[in-house]
Amino acid sequence: MKTTMTVKEVFSNLKEKLNTHSFYRSHTEEYMVDEERGNVSYFLNKYAVGTLAQKLNESQKGFQNFTDKQIWVLAFELVKIEEYIQQQIKEEMELNGTTLDLEKEKQKEMEANKILKPILDLKKKGAFEKWIKTSKNPYTKQFYSKKYTQECVDAFLAEIGHKQEKTLHFCFDMTKGGFCGTVMA
(Lines give C-alpha, C1' and ligand atoms only; values in the text may rest on other atoms or scores of the structure.)
Protein backbone atom coordinates (compact mmCIF):
# COMPACT_ATOMS: atom_id res chain seq x y z
CA MET A 1 0.00 0.00 0.00
CA LYS A 2 1.26 3.42 -0.88
CA THR A 3 1.84 5.50 2.25
CA THR A 4 3.70 8.56 0.98
CA MET A 5 3.70 10.85 -2.01
CA THR A 6 6.55 12.71 -3.61
CA VAL A 7 6.50 16.46 -4.20
CA LYS A 8 6.25 15.77 -7.93
CA GLU A 9 3.13 13.62 -7.42
CA VAL A 10 1.50 16.31 -5.25
CA PHE A 11 2.47 18.93 -7.86
CA SER A 12 0.90 16.88 -10.68
CA ASN A 13 -2.30 16.35 -8.71
CA LEU A 14 -2.57 20.02 -7.80
CA LYS A 15 -1.84 21.22 -11.32
CA GLU A 16 -4.50 18.91 -12.71
CA LYS A 17 -7.10 19.86 -10.09
CA LEU A 18 -6.47 23.60 -9.80
CA ASN A 19 -5.54 24.79 -13.25
CA THR A 20 -8.31 24.23 -15.72
CA HIS A 21 -8.99 27.40 -17.65
CA SER A 22 -12.16 29.07 -16.45
CA PHE A 23 -13.38 29.63 -20.02
CA TYR A 24 -13.48 25.87 -20.63
CA ARG A 25 -14.86 24.82 -17.24
CA SER A 26 -18.30 23.35 -16.82
CA HIS A 27 -20.27 23.93 -13.63
CA THR A 28 -19.13 20.55 -12.30
CA GLU A 29 -15.47 21.38 -13.00
CA GLU A 30 -15.90 24.77 -11.32
CA TYR A 31 -17.28 23.03 -8.26
CA MET A 32 -14.38 20.53 -8.22
CA VAL A 33 -11.78 23.31 -8.53
CA ASP A 34 -13.44 25.30 -5.74
CA GLU A 35 -13.59 22.20 -3.58
CA GLU A 36 -9.88 21.47 -4.11
CA ARG A 37 -8.93 25.10 -3.41
CA GLY A 38 -10.95 24.92 -0.21
CA ASN A 39 -9.23 21.67 0.72
CA VAL A 40 -5.77 23.14 0.12
CA SER A 41 -6.74 26.28 2.07
CA TYR A 42 -7.96 24.20 5.00
CA PHE A 43 -4.69 22.27 5.32
CA LEU A 44 -2.46 25.30 4.78
CA ASN A 45 -4.41 27.42 7.31
CA LYS A 46 -4.35 24.62 9.86
CA TYR A 47 -0.77 23.31 9.49
CA ALA A 48 1.27 25.88 7.55
CA VAL A 49 0.33 29.23 9.08
CA GLY A 50 2.64 32.05 8.03
CA THR A 51 4.38 30.13 5.24
CA LEU A 52 4.83 31.37 1.69
CA ALA A 53 2.44 28.66 0.51
CA GLN A 54 -0.34 29.96 2.74
CA LYS A 55 0.26 33.54 1.58
CA LEU A 56 0.19 32.48 -2.09
CA ASN A 57 -3.01 30.57 -1.56
CA GLU A 58 -4.66 33.53 0.16
CA SER A 59 -3.58 35.92 -2.61
CA GLN A 60 -5.02 33.76 -5.41
CA LYS A 61 -8.74 34.32 -4.90
CA GLY A 62 -11.47 33.92 -7.47
CA PHE A 63 -10.81 32.38 -10.85
CA GLN A 64 -7.11 33.14 -11.14
CA ASN A 65 -4.95 30.18 -12.02
CA PHE A 66 -1.76 29.39 -10.16
CA THR A 67 1.55 29.46 -12.04
CA ASP A 68 3.70 26.34 -12.05
CA LYS A 69 6.13 27.92 -9.59
CA GLN A 70 3.28 28.74 -7.21
CA ILE A 71 1.99 25.17 -7.42
CA TRP A 72 5.51 23.89 -6.62
CA VAL A 73 5.53 26.06 -3.48
CA LEU A 74 2.14 24.69 -2.47
CA ALA A 75 3.25 21.12 -3.19
CA PHE A 76 6.44 21.46 -1.10
CA GLU A 77 4.37 22.61 1.87
CA LEU A 78 1.52 20.12 1.43
CA VAL A 79 3.83 17.11 1.15
CA LYS A 80 4.89 17.77 4.75
CA ILE A 81 1.30 17.46 6.01
CA GLU A 82 0.58 13.81 6.77
CA GLU A 83 -3.22 14.20 6.88
CA TYR A 84 -3.24 15.79 3.42
CA ILE A 85 -1.11 12.99 1.97
CA GLN A 86 -3.32 10.29 3.49
CA GLN A 87 -6.42 12.01 2.09
CA GLN A 88 -4.86 12.18 -1.39
CA ILE A 89 -3.82 8.52 -1.29
CA LYS A 90 -7.32 7.51 -0.20
CA GLU A 91 -8.87 9.52 -3.06
CA GLU A 92 -6.41 8.02 -5.54
CA MET A 93 -7.26 4.50 -4.37
CA GLU A 94 -10.99 5.20 -4.67
CA LEU A 95 -10.52 6.57 -8.18
CA ASN A 96 -8.53 3.51 -9.23
CA GLY A 97 -11.21 1.23 -7.85
CA THR A 98 -8.94 -0.37 -5.30
CA THR A 99 -10.34 -1.19 -1.92
CA LEU A 100 -8.83 -0.80 1.48
CA ASP A 101 -8.97 -4.58 2.00
CA LEU A 102 -5.23 -4.93 1.47
CA GLU A 103 -4.94 -6.82 4.74
CA LYS A 104 -7.07 -9.62 3.29
CA GLU A 105 -5.00 -9.67 0.10
CA LYS A 106 -1.78 -9.93 2.09
CA GLN A 107 -3.24 -12.76 4.15
CA LYS A 108 -4.25 -14.68 1.01
CA GLU A 109 -0.80 -14.16 -0.44
CA MET A 110 0.83 -15.44 2.74
CA GLU A 111 -1.38 -18.55 2.67
CA ALA A 112 -0.45 -19.19 -0.95
CA ASN A 113 3.24 -18.78 -0.09
CA LYS A 114 2.89 -21.32 2.74
CA ILE A 115 1.44 -23.86 0.33
CA LEU A 116 4.06 -23.08 -2.35
CA LYS A 117 6.96 -23.01 0.13
CA PRO A 118 8.38 -26.42 -0.90
CA ILE A 119 8.42 -25.33 -4.53
CA LEU A 120 9.98 -21.96 -3.70
CA ASP A 121 12.63 -23.68 -1.56
CA LEU A 122 13.58 -25.87 -4.51
CA LYS A 123 13.65 -22.77 -6.74
CA LYS A 124 11.23 -24.44 -9.13
CA LYS A 125 8.53 -21.75 -9.38
CA GLY A 126 9.06 -21.32 -13.14
CA ALA A 127 8.84 -25.06 -13.71
CA PHE A 128 5.71 -25.21 -11.53
CA GLU A 129 4.02 -22.44 -13.54
CA LYS A 130 4.92 -24.15 -16.80
CA TRP A 131 3.62 -27.49 -15.47
CA ILE A 132 0.36 -26.10 -14.09
CA LYS A 133 -0.46 -24.23 -17.33
CA THR A 134 -0.38 -27.35 -19.50
CA SER A 135 -3.76 -28.09 -21.05
CA LYS A 136 -3.98 -31.68 -19.78
CA ASN A 137 -3.26 -30.68 -16.20
CA PRO A 138 -6.31 -30.97 -13.91
CA TYR A 139 -4.96 -28.14 -11.71
CA THR A 140 -4.78 -25.47 -14.45
CA LYS A 141 -7.68 -23.48 -12.96
CA GLN A 142 -5.68 -23.00 -9.77
CA PHE A 143 -3.02 -21.06 -11.66
CA TYR A 144 -5.49 -18.50 -12.94
CA SER A 145 -7.32 -18.13 -9.63
CA LYS A 146 -4.02 -18.16 -7.67
CA LYS A 147 -5.68 -20.45 -5.10
CA TYR A 148 -3.35 -23.42 -4.91
CA THR A 149 -4.12 -26.59 -3.00
CA GLN A 150 -1.71 -28.86 -1.20
CA GLU A 151 -2.82 -31.67 -3.52
CA CYS A 152 -1.64 -29.67 -6.54
CA VAL A 153 1.74 -28.94 -4.95
CA ASP A 154 2.19 -32.59 -3.94
CA ALA A 155 1.39 -33.72 -7.51
CA PHE A 156 4.00 -31.35 -8.92
CA LEU A 157 6.63 -32.41 -6.38
CA ALA A 158 5.93 -36.07 -7.13
CA GLU A 159 6.37 -35.42 -10.84
CA ILE A 160 9.65 -33.54 -10.53
CA GLY A 161 10.87 -35.96 -7.86
CA HIS A 162 10.24 -38.79 -10.32
CA LYS A 163 12.16 -36.93 -13.03
CA GLN A 164 15.02 -36.02 -10.71
CA GLU A 165 15.64 -39.67 -9.79
CA LYS A 166 16.27 -40.42 -13.45
CA THR A 167 18.44 -37.35 -14.07
CA LEU A 168 22.22 -37.71 -14.03
CA HIS A 169 24.15 -34.50 -13.29
CA PHE A 170 27.84 -34.10 -14.08
CA CYS A 171 30.30 -31.60 -12.70
CA PHE A 172 33.91 -30.76 -13.44
CA ASP A 173 36.13 -30.69 -10.38
CA MET A 174 39.79 -29.72 -10.89
CA THR A 175 40.80 -30.85 -7.38
CA LYS A 176 39.68 -34.42 -8.10
CA GLY A 177 41.17 -34.35 -11.57
CA GLY A 178 38.15 -34.63 -13.82
CA PHE A 179 34.46 -35.23 -14.18
CA CYS A 180 32.25 -36.53 -11.43
CA GLY A 181 28.69 -37.76 -11.93
CA THR A 182 25.94 -37.71 -9.36
CA VAL A 183 22.34 -38.86 -9.41
CA MET A 184 19.93 -36.38 -7.88
CA ALA A 185 17.34 -37.95 -5.55
# chains A, B, ... in the order shown; residues from 1 in each chain; ligands from 1
>>> residues_around(residues="range 69-83 of chain A", least_positions_apart="6", cutoff="6 Å", atoms="only C-alpha atoms", output="count of residues only")
4
>>> residues_around(residues="range 123-138 of chain A", least_positions_apart="4", cutoff="7 Å", atoms="only C-alpha atoms", output="VMD selection string")
chain A and resid 119 143 156
>>> closest_residue(among="A:Asp34, A:Lys17, A:Leu122, A:Ala112", to="Cys152 in chain A", atoms="only C-alpha atoms")
A:Ala112
>>> atom_distance(atom1="CA of Lys46 in chain A", atom2="CA of Asn19 in chain A")
23.1 Å
>>> atom_distance(atom1="CA of Gln88 in chain A", atom2="CA of Thr28 in chain A")
19.8 Å
